[in-house]
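Okay, structure first, notes after.
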Amino acid sequence: MAGVQALKDISFNIISERETLKRALEQLDKVLVKILLVVDHDRFVAALTDGDVRRAILANASLETPVSMIANYHPIYIEYDDENAAQKIMAERMINALPVLNSEKKIIKIYVNTVNEMDVVTDKLRIPVVIMAGGLGTRLYPYTKILPKPLIPIADVPISERIIQSFQKIGCEEFHMIVNYKKSMIKAYFNDADCDYRVKFWDEDEPLGTGGGLYILKDYMKDTFILTNCDILILEDVRKIVKHHKEKNNKVTMVCSLKNFEIPYGVVNFSEGGEINSFEEKPQMSFFTNTGYYILEKEIFEYIGSEEKIGMPDIIDRMRNAGQKVGIYPISENTWLDMGQFDTMESMEIKLKGLNLYFS
């Protein structure tokens, strides 16, 4: 039985039922155990998990939907502070967090499991991983004039190696890398590296876009596999993404991240006559964007031509138009780390160090 402990700071785990789905998603980023306790004027009334939020997004709920519309109003809790009793209840009910309330239904403590499920792999995810590593990396020029993008280091370790390490952690053992630009350097690094995994390289003779190069693997991939760009890390538990993909019977699942963007100018709305109707200073936009990370089935190869230059979004459009089931898996903004530009390289390193991931 896993041990439990009381959280020292419960502020990030508490949210008002009048807050929005967007706010809940942002707040879930800040907590280790992915559950929020919903309150109404400081009284505990409901619980909200990352699964609840994801289901709401997939049901096309607006990001402005109030928490009260998606929370579970029949939560589990105790009204006495007993660590042994809390541990027993959490084990029996298979939950990761349990609030302790006083007589006024106010939260006085939250017990959580001491074991992080991300660090315990019981069912290994033994599916192939394909890394698209053939691009020129123009957004990172002039770095990429010297090094190919897959070998650009994040805290002294190449980004592509960090990607492989993240998959190793949950049991993946089969790695494929599609290479083109400076491919000899990439191959030399991994062939000489002192590591406990092997990478099979596939040469893309001509740049074929984010999807065209995948055709090389047509006769090799026989079942579900993962495709990722070589400049991103996804901190979500991959096992959850694959489980969702299977449950939905998708042929493609695109991992999409919430993105909050502030327009750096005042936006003016005016009438046909040129009269100002409204003025909004630096408005914010929120939307979900493609991360470049997919769970795929072998049927995808039926929609790629030999030596065809094409992007993954265009391939997915073909599949969708042909009636194949394609879907998304939504994640929060801070769960997607993108190294694609200079300003995001530094933030990726800071984020990894803050989470103590992949550092000795």
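Naming works like this for the structure tokens: A, B, ... for the chains as they're shown, residue 1 at the start of each chain, ligands 1 onward in shown order.
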| request: Can you check which residues of region 204-337 of chain A DSSP gives as helix (DSSP H, G or I) on the backbone and send them as an MDAnalysis selection string? | output: chainID A and resid 209:217 238:247 298:303 312:321 333:335
Set the distance at 12 Å and use only C-alpha atoms: which residues neighbour Lys240 (chain A) once local chain neighbours fewer than 3 positions away are removed? I'd like the list as an mmCIF file with N, CA and C atoms, in the first residue's frame.
data_model
loop_
_atom_site.group_PDB
_atom_site.id
_atom_site.type_symbol
_atom_site.label_atom_id
_atom_site.label_comp_id
_atom_site.auth_asym_id
_atom_site.auth_seq_id
_atom_site.Cartn_x
_atom_site.Cartn_y
_atom_site.Cartn_z
ATOM 1 N N ASP A 50 -7.853 16.232 -13.747
ATOM 2 C CA ASP A 50 -7.413 16.526 -15.111
ATOM 3 C C ASP A 50 -8.252 15.765 -16.124
ATOM 4 N N GLY A 51 -8.750 14.574 -15.741
ATOM 5 C CA GLY A 51 -9.624 13.820 -16.633
ATOM 6 C C GLY A 51 -10.944 14.524 -16.872
ATOM 7 N N ARG A 54 -10.211 17.346 -19.289
ATOM 8 C CA ARG A 54 -9.974 16.844 -20.645
ATOM 9 C C ARG A 54 -11.278 16.430 -21.321
ATOM 10 N N GLU A 117 2.842 8.506 -9.635
ATOM 11 C CA GLU A 117 2.581 7.446 -10.611
ATOM 12 C C GLU A 117 3.433 7.585 -11.865
ATOM 13 N N MET A 118 3.933 8.789 -12.156
ATOM 14 C CA MET A 118 4.801 8.963 -13.317
ATOM 15 C C MET A 118 6.144 8.260 -13.115
ATOM 16 N N ASP A 123 3.141 -1.353 -16.123
ATOM 17 C CA ASP A 123 2.841 -1.824 -17.473
ATOM 18 C C ASP A 123 3.666 -1.003 -18.444
ATOM 19 N N LEU A 125 5.183 0.522 -21.734
ATOM 20 C CA LEU A 125 4.598 0.903 -23.009
ATOM 21 C C LEU A 125 5.578 0.526 -24.114
ATOM 22 N N ILE A 170 9.099 5.232 -19.530
ATOM 23 C CA ILE A 170 7.815 4.530 -19.463
ATOM 24 C C ILE A 170 7.845 3.223 -20.265
ATOM 25 N N LEU A 235 5.377 16.596 -21.266
ATOM 26 C CA LEU A 235 5.504 16.131 -19.891
ATOM 27 C C LEU A 235 4.293 15.334 -19.423
ATOM 28 N N GLU A 236 3.272 15.226 -20.241
ATOM 29 C CA GLU A 236 2.109 14.403 -19.915
ATOM 30 C C GLU A 236 2.521 12.927 -19.909
ATOM 31 N N ASP A 237 1.831 12.111 -19.102
ATOM 32 C CA ASP A 237 2.092 10.679 -19.075
ATOM 33 C C ASP A 237 1.656 10.078 -20.411
ATOM 34 N N LYS A 243 -3.673 5.256 -24.040
ATOM 35 C CA LYS A 243 -4.925 4.662 -23.571
ATOM 36 C C LYS A 243 -6.122 5.394 -24.164
ATOM 37 N N HIS A 244 -6.070 6.728 -24.162
ATOM 38 C CA HIS A 244 -7.136 7.531 -24.757
ATOM 39 C C HIS A 244 -7.275 7.212 -26.248
ATOM 40 N N HIS A 245 -6.153 7.136 -26.935
ATOM 41 C CA HIS A 245 -6.134 6.828 -28.374
ATOM 42 C C HIS A 245 -6.834 5.492 -28.651
ATOM 43 N N LYS A 246 -6.533 4.488 -27.832
ATOM 44 C CA LYS A 246 -7.125 3.161 -28.020
ATOM 45 C C LYS A 246 -8.607 3.169 -27.683
ATOM 46 N N GLU A 247 -8.966 3.829 -26.595
ATOM 47 C CA GLU A 247 -10.372 3.858 -26.179
ATOM 48 C C GLU A 247 -11.240 4.554 -27.216
ATOM 49 N N VAL A 255 -1.650 15.365 -30.300
ATOM 50 C CA VAL A 255 -1.543 16.008 -28.999
ATOM 51 C C VAL A 255 -1.556 17.518 -29.218
ATOM 52 N N ILE A 295 -0.021 9.951 -31.853
ATOM 53 C CA ILE A 295 -0.146 8.502 -31.747
ATOM 54 C C ILE A 295 -0.792 8.054 -33.049
ATOM 55 N N TYR A 329 -5.744 14.963 -28.243
ATOM 56 C CA TYR A 329 -5.576 14.791 -26.802
ATOM 57 C C TYR A 329 -5.095 16.135 -26.271
ATOM 58 N N PRO A 330 -5.922 16.843 -25.499
ATOM 59 C CA PRO A 330 -5.542 18.190 -25.045
ATOM 60 C C PRO A 330 -4.624 18.151 -23.825
ATOM 61 N N ILE A 331 -3.633 19.025 -23.821
ATOM 62 C CA ILE A 331 -2.749 19.172 -22.668
ATOM 63 C C ILE A 331 -2.634 20.659 -22.348
#
| request: Might you pull out every residue within 9 Å of Gly135 (chain A), with only C-alpha atoms counted and same-chain residues fewer than 5 positions away left off, and present them as a ChimeraX atom specification? | output: /A:148-149,179-181,207,209-210
Please produce a file of the residues just selected, as a PDB file, in the first residue's frame, where the atoms kept are N, CA and C atoms.
ATOM      1  N   PRO A 148      23.206  20.034 -36.274  1.00  0.00           N
ATOM      2  CA  PRO A 148      21.816  19.740 -36.641  1.00  0.00           C
ATOM      3  C   PRO A 148      20.930  19.896 -35.405  1.00  0.00           C
ATOM      4  N   LYS A 149      19.693  20.253 -35.627  1.00  0.00           N
ATOM      5  CA  LYS A 149      18.789  20.537 -34.508  1.00  0.00           C
ATOM      6  C   LYS A 149      18.716  19.413 -33.475  1.00  0.00           C
ATOM      7  N   VAL A 179      16.336  11.017 -40.765  1.00  0.00           N
ATOM      8  CA  VAL A 179      17.373  12.049 -40.811  1.00  0.00           C
ATOM      9  C   VAL A 179      17.644  12.504 -42.238  1.00  0.00           C
ATOM     10  N   ASN A 180      18.143  13.737 -42.338  1.00  0.00           N
ATOM     11  CA  ASN A 180      18.534  14.294 -43.628  1.00  0.00           C
ATOM     12  C   ASN A 180      19.692  15.265 -43.409  1.00  0.00           C
ATOM     13  N   TYR A 181      19.367  16.472 -42.923  1.00  0.00           N
ATOM     14  CA  TYR A 181      20.365  17.524 -42.751  1.00  0.00           C
ATOM     15  C   TYR A 181      21.411  17.118 -41.709  1.00  0.00           C
ATOM     16  N   PRO A 207      14.245  16.540 -48.636  1.00  0.00           N
ATOM     17  CA  PRO A 207      13.308  16.994 -47.594  1.00  0.00           C
ATOM     18  C   PRO A 207      11.857  16.777 -48.040  1.00  0.00           C
ATOM     19  N   GLY A 209       9.054  17.185 -45.837  1.00  0.00           N
ATOM     20  CA  GLY A 209       8.079  17.761 -44.917  1.00  0.00           C
ATOM     21  C   GLY A 209       7.929  16.947 -43.646  1.00  0.00           C
ATOM     22  N   THR A 210       7.014  17.381 -42.794  1.00  0.00           N
ATOM     23  CA  THR A 210       6.838  16.735 -41.483  1.00  0.00           C
ATOM     24  C   THR A 210       6.112  15.402 -41.572  1.00  0.00           C
TER      25      THR A 210
END
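Nearest to Glu174 (chain A) of all the residues A:Met221, A:Leu21, A:Ile146, A:Ala188 is A:Met221, counting only C-alpha atoms.
Each of A:Arg162, A:Arg318, A:Arg126, A:Lys251 was compared to Ile232 (chain A) using only C-alpha atoms, and A:Arg162 turns out to be the nearest.
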| task | Write out as a ChimeraX atom specification each polymer residue whose atoms come within 9 Å of Phe287 (chain A), counting only C-alpha atoms; drop sequence neighbours fewer than 4 positions from it. | result | /A:63,257-261
Generate the output file for the selected residues, N, CA, C and O atoms, as a PDB file, in the first residue's frame.
ATOM      1  N   LEU A  63     -13.600  27.411 -23.164  1.00  0.00           N
ATOM      2  CA  LEU A  63     -12.616  27.619 -22.101  1.00  0.00           C
ATOM      3  C   LEU A  63     -13.149  28.537 -21.012  1.00  0.00           C
ATOM      4  O   LEU A  63     -12.585  28.613 -19.929  1.00  0.00           O
ATOM      5  N   SER A 257      -1.852  21.440 -27.476  1.00  0.00           N
ATOM      6  CA  SER A 257      -1.604  22.192 -26.248  1.00  0.00           C
ATOM      7  C   SER A 257      -2.381  23.504 -26.245  1.00  0.00           C
ATOM      8  O   SER A 257      -2.489  24.180 -27.272  1.00  0.00           O
ATOM      9  N   LEU A 258      -2.903  23.852 -25.074  1.00  0.00           N
ATOM     10  CA  LEU A 258      -3.471  25.175 -24.894  1.00  0.00           C
ATOM     11  C   LEU A 258      -2.370  26.210 -25.074  1.00  0.00           C
ATOM     12  O   LEU A 258      -1.251  26.024 -24.591  1.00  0.00           O
ATOM     13  N   LYS A 259      -2.680  27.271 -25.776  1.00  0.00           N
ATOM     14  CA  LYS A 259      -1.715  28.351 -25.971  1.00  0.00           C
ATOM     15  C   LYS A 259      -2.398  29.672 -25.655  1.00  0.00           C
ATOM     16  O   LYS A 259      -3.457  29.990 -26.210  1.00  0.00           O
ATOM     17  N   ASN A 260      -1.823  30.395 -24.732  1.00  0.00           N
ATOM     18  CA  ASN A 260      -2.329  31.717 -24.392  1.00  0.00           C
ATOM     19  C   ASN A 260      -1.421  32.757 -25.041  1.00  0.00           C
ATOM     20  O   ASN A 260      -0.205  32.741 -24.853  1.00  0.00           O
ATOM     21  N   PHE A 261      -2.011  33.641 -25.807  1.00  0.00           N
ATOM     22  CA  PHE A 261      -1.225  34.622 -26.560  1.00  0.00           C
ATOM     23  C   PHE A 261      -1.783  36.013 -26.317  1.00  0.00           C
ATOM     24  O   PHE A 261      -2.983  36.252 -26.480  1.00  0.00           O
TER      25      PHE A 261
END
| message | If we count only C-alpha atoms and set the cut-off at 12 Å, which residues sit around Glu308 (chain A), ignoring sequence neighbours fewer than 6 positions away in its own chain? Please answer as a ChimeraX atom specification. | response | /A:204-216,301,314-315
Filtering to N, CA, C and O atoms, could you give me those residues as a tab-separated table (two decimals), in the first residue's frame?
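Produced file selection_27.tsv, reproduced below:
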chain	number	residue	atom	x	y	z
A	204	GLU	N	16.34	10.23	-45.29
A	204	GLU	CA	15.42	10.96	-46.14
A	204	GLU	C	16.29	11.70	-47.16
A	204	GLU	O	16.90	12.71	-46.84
A	205	ASP	N	16.35	11.19	-48.40
A	205	ASP	CA	17.28	11.74	-49.38
A	205	ASP	C	16.95	13.17	-49.78
A	205	ASP	O	17.84	13.98	-50.02
A	206	GLU	N	15.65	13.49	-49.85
A	206	GLU	CA	15.19	14.83	-50.13
A	206	GLU	C	14.23	15.26	-49.03
A	206	GLU	O	13.46	14.44	-48.53
A	207	PRO	N	14.24	16.54	-48.64
A	207	PRO	CA	13.31	16.99	-47.59
A	207	PRO	C	11.86	16.78	-48.04
A	207	PRO	O	11.45	17.27	-49.09
A	208	LEU	N	11.10	16.04	-47.24
A	208	LEU	CA	9.74	15.67	-47.62
A	208	LEU	C	8.69	16.21	-46.64
A	208	LEU	O	7.56	15.73	-46.62
A	209	GLY	N	9.05	17.19	-45.84
A	209	GLY	CA	8.08	17.76	-44.92
A	209	GLY	C	7.93	16.95	-43.65
A	209	GLY	O	8.61	15.94	-43.43
A	210	THR	N	7.01	17.38	-42.79
A	210	THR	CA	6.84	16.74	-41.48
A	210	THR	C	6.11	15.40	-41.57
A	210	THR	O	5.99	14.69	-40.58
A	211	GLY	N	5.61	15.06	-42.77
A	211	GLY	CA	4.89	13.79	-42.91
A	211	GLY	C	5.42	12.89	-44.00
A	211	GLY	O	5.39	11.67	-43.90
A	212	GLY	N	5.94	13.49	-45.10
A	212	GLY	CA	6.36	12.70	-46.25
A	212	GLY	C	7.44	11.68	-45.95
A	212	GLY	O	7.44	10.57	-46.49
A	213	GLY	N	8.39	12.06	-45.10
A	213	GLY	CA	9.48	11.14	-44.77
A	213	GLY	C	9.03	9.89	-44.06
A	213	GLY	O	9.74	8.88	-44.04
A	214	LEU	N	7.85	9.94	-43.47
A	214	LEU	CA	7.34	8.79	-42.74
A	214	LEU	C	7.11	7.58	-43.65
A	214	LEU	O	7.14	6.43	-43.19
A	215	TYR	N	6.92	7.84	-44.94
A	215	TYR	CA	6.64	6.76	-45.89
A	215	TYR	C	7.76	5.71	-45.90
A	215	TYR	O	7.51	4.53	-46.21
A	216	ILE	N	8.96	6.11	-45.57
A	216	ILE	CA	10.10	5.19	-45.53
A	216	ILE	C	9.81	3.99	-44.63
A	216	ILE	O	10.29	2.88	-44.87
A	301	PHE	N	-0.17	5.11	-43.57
A	301	PHE	CA	0.68	4.97	-44.75
A	301	PHE	C	-0.12	4.90	-46.05
A	301	PHE	O	0.42	5.12	-47.13
A	314	ASP	N	-1.70	17.86	-43.40
A	314	ASP	CA	-2.34	17.56	-44.68
A	314	ASP	C	-2.69	16.08	-44.79
A	314	ASP	O	-3.72	15.71	-45.35
A	315	ILE	N	-1.82	15.22	-44.25
A	315	ILE	CA	-2.11	13.78	-44.24
A	315	ILE	C	-3.34	13.51	-43.38
A	315	ILE	O	-4.23	12.74	-43.76
| said: Set the distance at 10 Å and use only C-alpha atoms: which residues neighbour Phe279 (chain A) once local chain neighbours fewer than 6 positions away are removed? I'd like the list as a PyMOL selection string. | reply: chain A and resi 266-270
List the spatial neighbours of Ile110 (chain A) as an mmCIF file with N, CA, C and O atoms, in the first residue's frame - criterion: any atom at most 8 Å away, only C-alpha atoms, same-chain residues fewer than 4 positions off excluded.
data_model
loop_
_atom_site.group_PDB
_atom_site.id
_atom_site.type_symbol
_atom_site.label_atom_id
_atom_site.label_comp_id
_atom_site.auth_asym_id
_atom_site.auth_seq_id
_atom_site.Cartn_x
_atom_site.Cartn_y
_atom_site.Cartn_z
ATOM 1 N N ALA A 6 0.477 14.683 4.121
ATOM 2 C CA ALA A 6 -0.330 15.895 4.003
ATOM 3 C C ALA A 6 0.432 16.938 3.200
ATOM 4 O O ALA A 6 1.640 17.120 3.392
ATOM 5 N N LEU A 7 -0.250 17.607 2.283
ATOM 6 C CA LEU A 7 0.369 18.686 1.524
ATOM 7 C C LEU A 7 0.704 19.848 2.450
ATOM 8 O O LEU A 7 -0.093 20.214 3.314
ATOM 9 N N ILE A 10 -1.739 23.932 0.300
ATOM 10 C CA ILE A 10 -2.904 23.443 -0.432
ATOM 11 C C ILE A 10 -3.537 24.523 -1.318
ATOM 12 O O ILE A 10 -4.542 24.271 -1.975
ATOM 13 N N ALA A 97 -5.866 11.682 -3.888
ATOM 14 C CA ALA A 97 -5.968 12.798 -2.953
ATOM 15 C C ALA A 97 -7.249 12.679 -2.151
ATOM 16 O O ALA A 97 -8.279 12.238 -2.666
ATOM 17 N N LEU A 98 -7.177 13.077 -0.890
ATOM 18 C CA LEU A 98 -8.335 12.996 -0.002
ATOM 19 C C LEU A 98 -8.363 14.215 0.908
ATOM 20 O O LEU A 98 -7.459 14.406 1.725
ATOM 21 N N PRO A 99 -9.381 15.066 0.796
ATOM 22 C CA PRO A 99 -9.460 16.247 1.665
ATOM 23 C C PRO A 99 -9.997 15.896 3.053
ATOM 24 O O PRO A 99 -10.852 15.003 3.199
ATOM 25 N N VAL A 100 -9.503 16.613 4.033
ATOM 26 C CA VAL A 100 -10.003 16.510 5.410
ATOM 27 C C VAL A 100 -10.757 17.800 5.699
ATOM 28 O O VAL A 100 -10.218 18.902 5.528
#
| Using the chain letters and numbers from this document, which residues of region 68-255 of chain A does DSSP assign to strand (DSSP E or B), as a ChimeraX atom specification? | /A:72,78,97-101,107-113,129-133,153-154,157-158,175-179,199-203,225-229,232-234,252-255
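Nearest residue to Asp223 (chain A) among A:Glu299, A:Asp192, A:Glu19, A:Asp156 is A:Glu299, counting only C-alpha atoms.
Comparing the minimum interatomic distances between Lys105 (chain A) and each of A:Val39, A:Ser166, A:Ile328, A:Lys22, counting only C-alpha atoms, we find that A:Val39 sits nearest.
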